[in-house]
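Enquirer: input_4.cif is reproduced in full below (mmCIF, C-alpha atoms and all ligand atoms).
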```cif
data_input
#
loop_
_atom_site.label_atom_id
_atom_site.label_comp_id
_atom_site.auth_asym_id
_atom_site.auth_seq_id
_atom_site.Cartn_x
_atom_site.Cartn_y
_atom_site.Cartn_z
CA MET A 1 17.52 -28.29 19.37
CA TYR A 2 16.25 -24.98 17.89
CA HIS A 3 13.74 -22.24 18.55
CA LEU A 4 12.47 -19.02 16.95
CA GLU A 5 13.77 -15.72 18.27
CA CYS A 6 12.89 -12.09 17.54
CA ILE A 7 15.86 -10.19 16.09
CA GLN A 8 14.70 -7.03 17.89
CA CYS A 9 13.32 -7.86 21.38
CA HIS A 10 14.82 -11.39 21.54
CA LYS A 11 11.56 -12.93 22.65
CA LYS A 12 11.69 -16.71 22.12
CA TYR A 13 9.05 -18.94 20.56
CA SER A 14 8.81 -22.72 20.46
CA ALA A 15 9.38 -24.33 17.07
CA LYS A 16 5.93 -25.92 17.43
CA GLU A 17 4.18 -22.55 17.07
CA VAL A 18 2.82 -21.30 13.75
CA ILE A 19 4.17 -17.76 13.84
CA TYR A 20 5.87 -15.54 11.28
CA THR A 21 6.80 -12.36 13.17
CA CYS A 22 7.15 -11.45 16.84
CA THR A 23 4.28 -9.86 18.78
CA CYS A 24 6.47 -6.71 18.78
CA GLY A 25 6.46 -6.81 14.97
CA GLY A 26 10.11 -7.86 14.67
CA LEU A 27 11.40 -10.52 12.27
CA LEU A 28 12.19 -13.99 13.60
CA ASP A 29 15.32 -16.11 13.18
CA VAL A 30 15.76 -19.84 13.66
CA ILE A 31 18.37 -20.25 16.41
CA TYR A 32 20.08 -23.58 17.06
CA ASP A 33 21.90 -24.89 20.06
CA TYR A 34 25.25 -24.82 18.28
CA SER A 35 26.97 -26.60 21.19
CA GLN A 36 24.90 -29.66 20.19
CA ILE A 37 25.92 -29.49 16.54
CA ASN A 38 29.19 -31.15 15.78
CA ILE A 39 30.03 -31.13 12.09
CA THR A 40 33.40 -31.57 10.46
CA LYS A 41 34.40 -31.24 6.82
CA ASN A 42 34.59 -35.05 6.79
CA ASP A 43 30.88 -35.34 7.58
CA LEU A 44 30.14 -33.15 4.56
CA LYS A 45 31.77 -35.24 1.83
CA GLY A 46 29.65 -36.45 -1.06
CA PRO A 47 27.47 -34.76 -3.67
CA LEU A 48 26.00 -31.33 -3.03
CA SER A 49 22.31 -30.91 -2.18
CA VAL A 50 20.20 -28.93 0.26
CA TRP A 51 19.61 -32.00 2.43
CA LYS A 52 23.29 -32.84 2.69
CA TYR A 53 23.35 -30.11 5.36
CA ARG A 54 20.41 -31.60 7.25
CA ALA A 55 22.16 -31.29 10.61
CA LEU A 56 21.84 -27.50 10.13
CA LEU A 57 18.22 -27.54 8.98
CA PRO A 58 15.18 -27.29 11.30
CA ILE A 59 13.26 -30.34 10.06
CA SER A 60 12.66 -33.73 11.67
CA ILE A 61 10.50 -35.56 9.07
CA ASP A 62 11.24 -36.88 5.57
CA PRO A 63 11.65 -33.87 3.30
CA VAL A 64 9.30 -32.93 0.46
CA SER A 65 12.03 -32.89 -2.15
CA LEU A 66 12.76 -32.75 -5.88
CA LYS A 67 16.55 -32.87 -5.40
CA GLU A 68 17.13 -29.17 -5.00
CA GLY A 69 20.47 -27.46 -4.60
CA GLY A 70 23.71 -28.92 -5.93
CA THR A 71 23.86 -26.07 -8.43
CA PRO A 72 27.07 -25.35 -10.36
CA LEU A 73 29.63 -22.75 -9.31
CA TYR A 74 31.18 -21.62 -12.59
CA ARG A 75 34.43 -19.73 -12.98
CA VAL A 76 33.74 -16.93 -15.46
CA ASP A 77 37.15 -15.85 -16.72
CA ARG A 78 35.91 -13.93 -19.78
CA ILE A 79 33.51 -11.86 -17.68
CA ALA A 80 36.21 -11.38 -15.04
CA LYS A 81 38.64 -10.11 -17.67
CA SER A 82 36.10 -7.78 -19.22
CA ILE A 83 35.39 -6.27 -15.77
CA GLY A 84 39.07 -6.20 -14.76
CA LEU A 85 39.03 -8.84 -12.00
CA LYS A 86 40.92 -12.10 -11.57
CA ASP A 87 38.64 -14.47 -9.71
CA VAL A 88 34.93 -14.32 -10.41
CA TYR A 89 32.49 -17.18 -9.88
CA VAL A 90 28.83 -17.52 -10.72
CA LYS A 91 26.59 -19.69 -8.53
CA HIS A 92 23.85 -20.52 -11.01
CA GLU A 93 20.70 -21.01 -8.99
CA GLY A 94 18.68 -21.19 -12.21
CA MET A 95 19.76 -24.85 -12.26
CA ASN A 96 17.35 -25.80 -9.46
CA PRO A 97 14.26 -28.00 -10.17
CA THR A 98 11.92 -25.07 -10.96
CA GLY A 99 14.68 -22.80 -12.28
CA SER A 100 15.28 -20.55 -9.28
CA PHE A 101 16.83 -20.45 -5.80
CA LYS A 102 13.36 -20.41 -4.27
CA ASP A 103 13.34 -24.23 -4.36
CA ARG A 104 15.87 -24.33 -1.52
CA GLY A 105 13.49 -22.35 0.64
CA MET A 106 10.40 -24.26 -0.49
CA THR A 107 11.75 -27.76 0.13
CA VAL A 108 12.31 -26.70 3.76
CA GLY A 109 9.22 -24.45 4.03
CA VAL A 110 6.72 -26.91 2.55
CA THR A 111 8.20 -29.75 4.63
CA LYS A 112 7.71 -27.53 7.69
CA ALA A 113 4.09 -26.96 6.63
CA ILE A 114 3.57 -30.75 6.64
CA GLU A 115 5.39 -31.11 9.97
CA LEU A 116 3.09 -28.47 11.49
CA GLY A 117 -0.01 -30.15 10.02
CA MET A 118 -0.96 -27.20 7.78
CA LYS A 119 -3.58 -27.96 5.12
CA THR A 120 -3.03 -25.15 2.56
CA VAL A 121 0.09 -23.18 1.62
CA ALA A 122 0.09 -19.63 0.24
CA CYS A 123 2.33 -16.80 -0.93
CA ALA A 124 2.46 -13.51 -2.79
CA SER A 125 5.02 -13.46 -5.56
CA THR A 126 6.72 -11.59 -8.36
CA GLY A 127 6.76 -15.03 -10.04
CA ASN A 128 9.46 -17.42 -8.92
CA THR A 129 8.15 -17.99 -5.40
CA SER A 130 4.73 -18.86 -6.81
CA ALA A 131 6.23 -21.28 -9.35
CA SER A 132 8.23 -23.00 -6.63
CA LEU A 133 5.33 -23.10 -4.18
CA ALA A 134 3.01 -24.58 -6.82
CA VAL A 135 5.56 -27.31 -7.57
CA TYR A 136 6.39 -28.20 -3.95
CA GLY A 137 2.71 -28.01 -3.01
CA ALA A 138 2.01 -30.54 -5.76
CA ARG A 139 4.90 -32.71 -4.59
CA ALA A 140 3.53 -32.64 -1.04
CA GLY A 141 -0.10 -33.12 -2.11
CA VAL A 142 -1.14 -29.85 -0.44
CA PRO A 143 -3.17 -27.13 -2.19
CA ALA A 144 -1.34 -23.87 -2.95
CA VAL A 145 -2.76 -20.35 -3.32
CA VAL A 146 -0.64 -17.66 -4.99
CA LEU A 147 -1.26 -13.91 -5.31
CA LEU A 148 0.51 -12.22 -8.23
CA PRO A 149 0.77 -8.57 -9.34
CA SER A 150 -1.44 -8.44 -12.42
CA GLY A 151 0.41 -8.15 -15.74
CA LYS A 152 3.86 -8.06 -14.14
CA VAL A 153 4.83 -11.73 -13.89
CA ALA A 154 7.09 -13.32 -16.53
CA LEU A 155 5.25 -15.94 -18.58
CA GLY A 156 7.47 -18.92 -17.72
CA LYS A 157 6.79 -18.41 -14.01
CA LEU A 158 3.06 -17.99 -14.52
CA ALA A 159 3.01 -21.13 -16.68
CA GLN A 160 4.61 -23.13 -13.86
CA ALA A 161 2.15 -21.90 -11.23
CA LEU A 162 -0.78 -22.71 -13.54
CA MET A 163 0.35 -26.14 -14.76
CA HIS A 164 1.28 -27.38 -11.30
CA GLY A 165 -2.23 -26.65 -10.11
CA ALA A 166 -1.97 -23.66 -7.76
CA LYS A 167 -4.96 -21.38 -7.29
CA VAL A 168 -3.54 -18.38 -9.17
CA LEU A 169 -4.95 -14.94 -8.33
CA SER A 170 -3.94 -11.86 -10.31
CA ILE A 171 -4.09 -8.86 -7.99
CA ARG A 172 -4.77 -5.35 -9.31
CA GLY A 173 -1.81 -3.95 -7.45
CA ASN A 174 1.92 -4.54 -7.07
CA PHE A 175 3.84 -7.22 -5.14
CA ASP A 176 3.81 -5.21 -1.91
CA ASP A 177 0.00 -5.02 -2.07
CA ALA A 178 -0.21 -8.76 -2.77
CA LEU A 179 2.04 -9.59 0.19
CA LYS A 180 -0.09 -7.53 2.55
CA LEU A 181 -3.20 -9.33 1.31
CA VAL A 182 -1.76 -12.83 1.58
CA ARG A 183 -0.55 -12.20 5.13
CA ASP A 184 -4.09 -11.17 6.05
CA LEU A 185 -5.53 -14.20 4.20
CA CYS A 186 -3.20 -16.62 6.03
CA ASP A 187 -4.12 -15.11 9.41
CA ARG A 188 -7.83 -15.39 8.68
CA GLU A 189 -7.91 -18.82 7.01
CA GLY A 190 -5.08 -20.65 8.76
CA PHE A 191 -3.14 -21.07 5.49
CA TYR A 192 0.62 -21.49 5.90
CA LEU A 193 2.48 -18.39 4.68
CA LEU A 194 5.53 -19.22 2.57
CA ASN A 195 6.96 -15.83 1.73
CA SER A 196 10.46 -15.14 2.99
CA VAL A 197 9.11 -13.43 6.13
CA ASN A 198 8.72 -17.10 7.18
CA PRO A 199 12.12 -17.85 8.75
CA TYR A 200 12.06 -21.50 7.64
CA ARG A 201 12.26 -20.40 3.99
CA LEU A 202 15.52 -18.63 4.77
CA GLU A 203 16.91 -21.74 6.48
CA GLY A 204 16.68 -23.58 3.17
CA GLN A 205 18.21 -20.68 1.25
CA LYS A 206 21.21 -20.41 3.58
CA THR A 207 22.47 -23.62 1.92
CA ILE A 208 23.64 -21.41 -0.98
CA ALA A 209 26.41 -20.25 1.38
CA PHE A 210 27.16 -23.82 2.46
CA GLU A 211 27.51 -24.97 -1.15
CA ILE A 212 29.69 -22.05 -2.24
CA ALA A 213 32.10 -22.65 0.67
CA ASP A 214 32.00 -26.38 -0.01
CA GLN A 215 32.71 -25.84 -3.73
CA LEU A 216 35.63 -23.51 -2.98
CA GLY A 217 37.22 -26.15 -0.70
CA TRP A 218 35.80 -24.78 2.58
CA LYS A 219 36.72 -21.18 1.90
CA ALA A 220 34.45 -18.17 1.64
CA PRO A 221 34.86 -15.73 -1.26
CA ASP A 222 35.89 -12.20 -0.28
CA ARG A 223 32.62 -10.84 -1.58
CA LEU A 224 29.17 -12.16 -2.42
CA VAL A 225 27.10 -10.17 -4.92
CA LEU A 226 23.41 -10.82 -5.50
CA PRO A 227 20.13 -9.19 -6.52
CA VAL A 228 17.90 -7.89 -3.73
CA GLY A 229 14.12 -7.75 -3.90
CA ASN A 230 12.28 -8.73 -0.75
CA ALA A 231 15.77 -9.04 0.82
CA GLY A 232 15.35 -12.62 2.06
CA ASN A 233 18.15 -14.24 0.13
CA ILE A 234 20.89 -11.83 1.18
CA THR A 235 20.02 -12.40 4.84
CA ALA A 236 19.75 -16.17 4.38
CA ILE A 237 23.15 -16.44 2.70
CA TYR A 238 24.75 -14.21 5.33
CA LYS A 239 23.31 -16.44 8.08
CA GLY A 240 24.71 -19.48 6.28
CA PHE A 241 28.24 -18.09 6.12
CA LYS A 242 28.06 -16.97 9.76
CA GLU A 243 27.01 -20.45 10.85
CA LEU A 244 29.92 -22.01 8.96
CA LYS A 245 32.30 -19.59 10.66
CA ASN A 246 30.81 -20.33 14.09
CA LEU A 247 31.24 -24.06 13.43
CA GLY A 248 34.88 -23.50 12.46
CA LEU A 249 34.37 -24.67 8.87
CA ILE A 250 35.48 -21.36 7.30
CA ASP A 251 37.64 -18.47 8.56
CA SER A 252 35.82 -15.44 7.20
CA VAL A 253 32.44 -14.21 6.01
CA PRO A 254 32.15 -12.45 2.62
CA LYS A 255 31.23 -8.80 2.21
CA MET A 256 27.52 -9.05 1.42
CA THR A 257 26.78 -6.84 -1.56
CA GLY A 258 23.17 -6.29 -2.63
CA ILE A 259 22.15 -5.00 -6.04
CA GLN A 260 18.79 -3.42 -6.77
CA ALA A 261 17.23 -2.00 -9.92
CA GLN A 262 17.31 1.80 -10.00
CA GLY A 263 13.50 1.94 -10.05
CA ALA A 264 13.12 -0.27 -6.98
CA SER A 265 15.97 0.45 -4.60
CA PRO A 266 14.88 1.21 -1.01
CA VAL A 267 17.71 -0.87 0.50
CA VAL A 268 20.38 0.99 -1.50
CA THR A 269 18.91 4.34 -0.43
CA ALA A 270 18.98 3.29 3.24
CA ILE A 271 22.63 2.18 2.96
CA ARG A 272 23.60 5.44 1.22
CA ASN A 273 21.80 7.55 3.83
CA ASN A 274 23.00 5.43 6.72
CA SER A 275 19.38 5.02 7.83
CA ALA A 276 18.24 2.52 10.45
CA ALA A 277 15.30 1.48 8.28
CA ILE A 278 14.20 1.72 4.66
CA THR A 279 11.61 4.14 3.32
CA PRO A 280 9.16 2.11 1.22
CA GLU A 281 8.80 3.07 -2.45
CA GLY A 282 5.18 3.28 -3.59
CA HIS A 283 5.72 2.69 -7.31
CA PRO A 284 8.64 0.30 -7.91
CA GLU A 285 9.42 -0.19 -11.62
CA THR A 286 12.03 -2.22 -13.50
CA ILE A 287 12.35 -4.61 -16.42
CA ALA A 288 13.62 -7.14 -13.84
CA THR A 289 10.07 -7.93 -12.62
CA ALA A 290 11.38 -10.47 -10.08
CA ILE A 291 12.80 -7.61 -8.00
CA ARG A 292 10.08 -5.04 -8.66
CA ILE A 293 9.53 -4.59 -4.91
CA GLY A 294 9.20 -1.30 -3.01
CA ASN A 295 8.81 -2.47 0.59
CA PRO A 296 11.15 -5.43 1.22
CA VAL A 297 9.89 -7.38 4.21
CA ASN A 298 13.36 -8.53 5.31
CA SER A 299 15.04 -5.12 4.99
CA ILE A 300 16.03 -4.85 8.68
CA LYS A 301 17.87 -8.18 8.45
CA ALA A 302 19.41 -7.20 5.10
CA LEU A 303 20.75 -3.85 6.32
CA LYS A 304 22.36 -5.69 9.22
CA ALA A 305 23.91 -8.31 6.92
CA ILE A 306 25.36 -5.63 4.64
CA ARG A 307 26.72 -3.45 7.46
CA GLU A 308 28.10 -6.20 9.71
CA SER A 309 29.91 -7.90 6.83
CA GLY A 310 31.43 -4.67 5.51
CA GLY A 311 29.51 -4.99 2.28
CA THR A 312 27.50 -2.44 0.35
CA ALA A 313 24.48 -1.95 -1.89
CA GLU A 314 24.27 -0.39 -5.34
CA THR A 315 21.71 0.29 -8.05
CA VAL A 316 21.86 -0.65 -11.71
CA THR A 317 19.76 0.63 -14.60
CA ASP A 318 17.57 -1.59 -16.77
CA GLU A 319 20.05 -1.03 -19.64
CA GLU A 320 22.94 -2.22 -17.46
CA ILE A 321 20.90 -5.27 -16.45
CA ILE A 322 20.18 -6.19 -20.08
CA SER A 323 23.82 -5.86 -21.17
CA ALA A 324 24.99 -8.00 -18.24
CA GLN A 325 22.37 -10.62 -19.14
CA GLN A 326 23.61 -10.67 -22.74
CA GLU A 327 27.24 -10.81 -21.63
CA LEU A 328 26.64 -13.81 -19.37
CA ALA A 329 24.79 -15.49 -22.21
CA TYR A 330 27.25 -15.01 -25.06
CA LEU A 331 30.56 -14.71 -23.22
CA GLU A 332 30.03 -17.59 -20.78
CA GLY A 333 27.07 -19.69 -21.94
CA ILE A 334 25.11 -18.91 -18.78
CA GLY A 335 21.45 -18.09 -19.34
CA VAL A 336 19.81 -16.07 -16.58
CA GLU A 337 16.71 -13.93 -16.15
CA PRO A 338 17.11 -10.13 -15.89
CA ALA A 339 17.01 -9.88 -12.06
CA SER A 340 19.87 -12.37 -11.84
CA ALA A 341 22.02 -10.39 -14.26
CA SER A 342 21.86 -7.40 -11.93
CA SER A 343 24.54 -9.10 -9.82
CA ILE A 344 27.03 -8.95 -12.71
CA ALA A 345 25.89 -5.45 -13.69
CA GLY A 346 26.40 -4.33 -10.10
CA LEU A 347 29.81 -5.97 -9.89
CA ARG A 348 30.96 -4.09 -12.99
CA LYS A 349 29.66 -0.80 -11.62
CA LEU A 350 31.27 -1.25 -8.19
CA VAL A 351 34.63 -2.14 -9.76
CA ASN A 352 34.40 0.95 -11.99
CA LEU A 353 33.59 3.08 -8.94
CA GLY A 354 36.65 1.66 -7.15
CA VAL A 355 34.51 0.17 -4.36
CA ILE A 356 35.52 -3.40 -5.22
CA ASP A 357 39.21 -4.15 -5.21
CA LYS A 358 40.69 -5.88 -8.27
CA ASP A 359 42.22 -8.63 -6.11
CA GLU A 360 38.97 -9.69 -4.48
CA ILE A 361 37.61 -13.18 -5.03
CA VAL A 362 33.97 -12.57 -5.91
CA ALA A 363 31.00 -14.91 -6.15
CA CYS A 364 27.84 -13.68 -7.87
CA VAL A 365 24.54 -15.47 -7.40
CA THR A 366 22.41 -15.77 -10.52
CA THR A 367 19.04 -16.46 -8.98
CA GLY A 368 16.82 -17.55 -11.90
CA HIS A 369 17.02 -19.22 -15.32
CA LEU A 370 16.83 -17.46 -18.70
CA LEU A 371 13.77 -19.50 -19.75
CA LYS A 372 11.68 -17.94 -16.99
CA ASP A 373 11.29 -14.76 -19.01
CA SER A 374 11.36 -15.42 -22.75
CA GLU A 375 9.08 -12.50 -23.69
CA HIS A 376 11.84 -10.24 -22.43
CA VAL A 377 14.40 -12.08 -24.61
CA LEU A 378 12.25 -11.51 -27.70
CA SER A 379 12.03 -7.82 -26.87
CA VAL A 380 15.82 -7.32 -26.61
CA CYS A 381 17.23 -9.77 -29.19
CA PRO A 382 16.91 -9.57 -32.99
CA ARG A 383 14.08 -11.65 -34.46
CA PRO A 384 15.04 -14.75 -36.45
CA MET A 385 15.29 -14.12 -40.22
CA GLU A 386 12.43 -15.74 -42.07
CA ILE A 387 13.54 -16.96 -45.51
CA ASP A 388 12.50 -19.28 -48.34
CA ALA A 389 13.21 -23.00 -47.97
CA THR A 390 16.02 -23.03 -50.57
CA ILE A 391 19.77 -23.50 -50.14
CA GLU A 392 20.42 -20.23 -51.99
CA ALA A 393 18.30 -18.31 -49.51
CA VAL A 394 19.95 -20.08 -46.56
CA ARG A 395 23.48 -19.36 -47.85
CA LYS A 396 22.65 -15.74 -48.57
CA ALA A 397 21.17 -15.32 -45.09
CA VAL A 398 24.05 -17.09 -43.27
CA PHE A 399 26.56 -14.65 -44.73
CA SER A 400 24.40 -11.55 -44.42
CA LYS A 401 25.34 -8.88 -41.92
C1 LIG B 501 15.20 -14.32 -9.88
O1 LIG B 501 9.24 -14.68 -6.43
O2 LIG B 501 10.25 -12.06 -4.45
O3 LIG B 501 15.71 -10.48 -2.18
O4 LIG B 501 8.05 -13.40 -5.15
O5 LIG B 501 12.86 -14.21 -8.32
O6 LIG B 501 15.18 -12.83 -1.52
O7 LIG B 501 13.43 -11.37 -2.51
C2 LIG B 501 11.49 -13.13 -6.13
C3 LIG B 501 12.70 -12.64 -5.84
C4 LIG B 501 16.17 -12.26 -7.02
C5 LIG B 501 15.12 -11.40 -4.98
N1 LIG B 501 16.19 -12.95 -8.15
O8 LIG B 501 15.31 -12.22 -3.87
C6 LIG B 501 9.12 -13.72 -5.66
C7 LIG B 501 10.30 -12.90 -5.34
C8 LIG B 501 15.10 -13.60 -8.59
C9 LIG B 501 13.92 -13.55 -7.84
C10 LIG B 501 15.05 -12.18 -6.23
C11 LIG B 501 13.89 -12.81 -6.64
P1 LIG B 501 14.89 -11.70 -2.43
#
```
Show me this structure written as C-alpha cells.
Ligand code: AN7
Expert:
Amino acid sequence: MYHLECIQCHKKYSAKEVIYTCTCGGLLDVIYDYSQINITKNDLKGPLSVWKYRALLPISIDPVSLKEGGTPLYRVDRIAKSIGLKDVYVKHEGMNPTGSFKDRGMTVGVTKAIELGMKTVACASTGNTSASLAVYGARAGVPAVVLLPSGKVALGKLAQALMHGAKVLSIRGNFDDALKLVRDLCDREGFYLLNSVNPYRLEGQKTIAFEIADQLGWKAPDRLVLPVGNAGNITAIYKGFKELKNLGLIDSVPKMTGIQAQGASPVVTAIRNNSAAITPEGHPETIATAIRIGNPVNSIKALKAIRESGGTAETVTDEEIISAQQELAYLEGIGVEPASASSIAGLRKLVNLGVIDKDEIVACVTTGHLLKDSEHVLSVCPRPMEIDATIEAVRKAVFSK
C-alpha cells in the first residue's frame, strides 16, 4: 500500500527496508497508493488524535502510543489585533504528552522501529527530539541513545531524557556535529535512527495539517507559519495538506512560511537568494536553542514546500522572539518555549513588511511548551520579590510599582 521513494532520482524502496536516504544521497518520502485510500469527512468524525488518521499512516501493528495529537487550535484575537490581522490561530503543539510536536513523529517512528524488529533507537537532538525519543522508547520497552550539543539543551528537555532512562551523551560540538555522529553510529551498530531524516517521523508530524483542517471544518488556512530548524516539520505539514487536497478533503494548501532565528537561518538565505540548495552555517547561535541548527537535513524538501505553496521564509532576532513569547503568555495565556514564539514574531514582521495581507487567515504552530525552558524564563522575567512574612509587608509589596 506504500513504499519509499527518493525525491531526487525517484528510485523506489520497499517499506520493509531499513533505509533513511537514497543511494544517490537524496531524501526519501513515503508514497501511498492513493487510489486505494478512500476517506470521507464522515470517516473522520470523533475526537482528534494522531491515530484517528491511521488510514494515512504507514503502520500495520498496534501503535506505541501515549495519546499524542489532539492539540488545541486557539483563536488569538488580542494578538491578531495587536499585529493588525483579523483571523489568527495558534496550534499549540506544546500540549502533546512530552510537551512538543515531536511526539507525533515518535509515536509513528518508534512503532516503525518495533515493526522492523529494531533493538535500539537513537537520535541527535537540540532537546525535544531526545525527550520524546526517551519517552517513547520507554513506552515501547526499547533502549534509547541520544546525542546532545553540550551546554545548549534547555533543562526541562534534558530532565525528560534523563528521567525516562535514555543513554544521554553530551557532545562537544553543535547539533549538526551530533547528527553526523549519530548517523554514523546507527550505520555501524544497527540502531534505528529517529531524526527527521527518517521519513516515518514526518508521516506522524503531517497529522498537524490534518488536525488544523479538521478543526477549521475541513478548510485550510491561507497561511501556515512555523519555526524552522532541521526543516522536518515544515515539509511534513506541507505533505499533510497536499494529501488532504489530493483526497478531496480540502480545496487549497496554505502558503508555507518558515521562520528562523537570525543567527541560524540558512533556509531564509536560500529563499532570499533563490538558491537551489542551502549553504550550511558553521556557527549557528540563538537564544531559541531548539532551532540552533546550521545545516538542516530536510532543507531540499523545505525549499520545495515553501516555493510550491507560494510561501516565504523570514528571520527574527532573539529580542523579537522574546517579546513574542511574552505576548503569547500575557495577552493570550499560551505558554511556549522561545523557538515556538518565533512563529508569532515572524508573523508580525511579515505583516509589517507588507508580505502578509491583512485579510489572510493565518495559523501559527507553537511547537513546544513554556516549561521546557524555565532557565530562559528566569533570565528574561523579573525575579519574585522576597519579603517578610507579615501582612504589612505583603500589602506594601502588592501595591508597589
Ligand atoms: C520547539 O529536538 O531539532 O524544523 O532535535 O524543538 O522540524 O527541526 C527540534 C526542533 C521547532 C524545529 N520548535 O523543527 C530537536 C530539534 C521546537 C523544536 C523545531 C524544533 P524542525
Enquirer: With all atoms listed in the file as the basis for distance, which of A:Ile250, A:Ala220, A:Ala113, A:Leu147 is at the shortest distance from Gly190 (chain A)?
Expert: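 Looking at the shortest contact to Gly190 (chain A), the residue is A:Ala113.
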Enquirer: Report the centre and edge lengths, in Å to one decimal, of an axis-aligned box enclosing every atom of ligand LIG 501 (chain B) listed in the file, padded by 5 Å on each side, as AutoDock Vina command-line options.
Expert:
```
--center_x 12.1 --center_y -12.6 --center_z -5.7 --size_x 18.1 --size_y 14.2 --size_z 18.4
```
Enquirer: Calculate how many Å separate CA of Ala236 (chain A) from CA of Thr98 (chain A), rounding to one decimal.
Expert: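 About the pair CA of Ala236 (chain A) and CA of Thr98 (chain A): they are 19.4 Å apart.
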Enquirer: Enter the distance from CA of Thr71 (chain A) to CA of Gly46 (chain A), in Å, rounded to one decimal.
Expert: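 Computing it gives 14.0 Å between the two atoms.
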Enquirer: Would you work out the distance separating CA of Thr126 (chain A) from CA of Gly335 (chain A), expressed in Å to one decimal?
Expert: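 Going from CA of Thr126 (chain A) over to CA of Gly335 (chain A), I get 19.5 Å.
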Enquirer: Could you list, as a ChimeraX atom specification, all the residues within 7 Å of ligand LIG 501 (chain B), counting all atoms listed in the file?
Expert: /A:100,124-130,196,227-234,290-291,337,339-340,367-368
Enquirer: Which residue, A:Ile271, A:Val355, A:Val30, A:Val182, has the smallest gap to Pro149 (chain A) when you use only C-alpha atoms?
Expert: A:Val182
Enquirer: Please identify every residue of region 159-258 of chain A that has at least one atom no farther than 10 Å from an atom of region 77-90 of chain A, counting all atoms listed in the file, and for each give the shortest atom pair and the distance in Å to one decimal, arranged by chain then increasing number, as a Markdown table.
Expert:
```
| residue | atom | partner | partner_atom | distance |
| --- | --- | --- | --- | --- |
| A:Ile212 | CA | A:Tyr89 | CA | 9.5 |
| A:Leu216 | CA | A:Tyr89 | CA | 9.9 |
| A:Pro221 | CA | A:Tyr89 | CA | 9.1 |
| A:Arg223 | CA | A:Val88 | CA | 9.8 |
| A:Leu224 | CA | A:Tyr89 | CA | 9.6 |
| A:Val225 | CA | A:Val90 | CA | 9.5 |
```
Enquirer: Identify which of the residues A:Val197, A:Ile278, A:Ala341, A:Val394 lies closest to Asp29 (chain A), counting only C-alpha atoms when measuring atom-to-atom distances.
Expert: A:Val197
Enquirer: Pick the closest to Asp103 (chain A) from A:Ala261, A:Ala159, A:Ala213, A:Ile208: which is it, counting all atoms listed in the file?
Expert: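 Smallest distance to Asp103 (chain A) is found for A:Ile208.
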Enquirer: Given the choices A:Gln215, A:Gln326, A:Gln36, A:Thr235, which gets closest to Leu73 (chain A) if the distance is worked out from all atoms listed in the file?
Expert: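 Closest candidate: A:Gln215.
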Enquirer: Counting only C-alpha atoms, write as a PyMOL selection string all protein and nucleic acid residues lying at most 12 Å from (6.0, -24.2, -15.4) in the file's frame.
Expert: chain A and resi 97-100+127-135+154-166+371-373
Enquirer: Closest to Arg54 (chain A) among A:Pro72, A:Glu203, A:Ile171, A:Lys396, using all atoms listed in the file?
Expert: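 Between A:Pro72, A:Glu203, A:Ile171, A:Lys396, the residue approaching Arg54 (chain A) most closely is A:Glu203.
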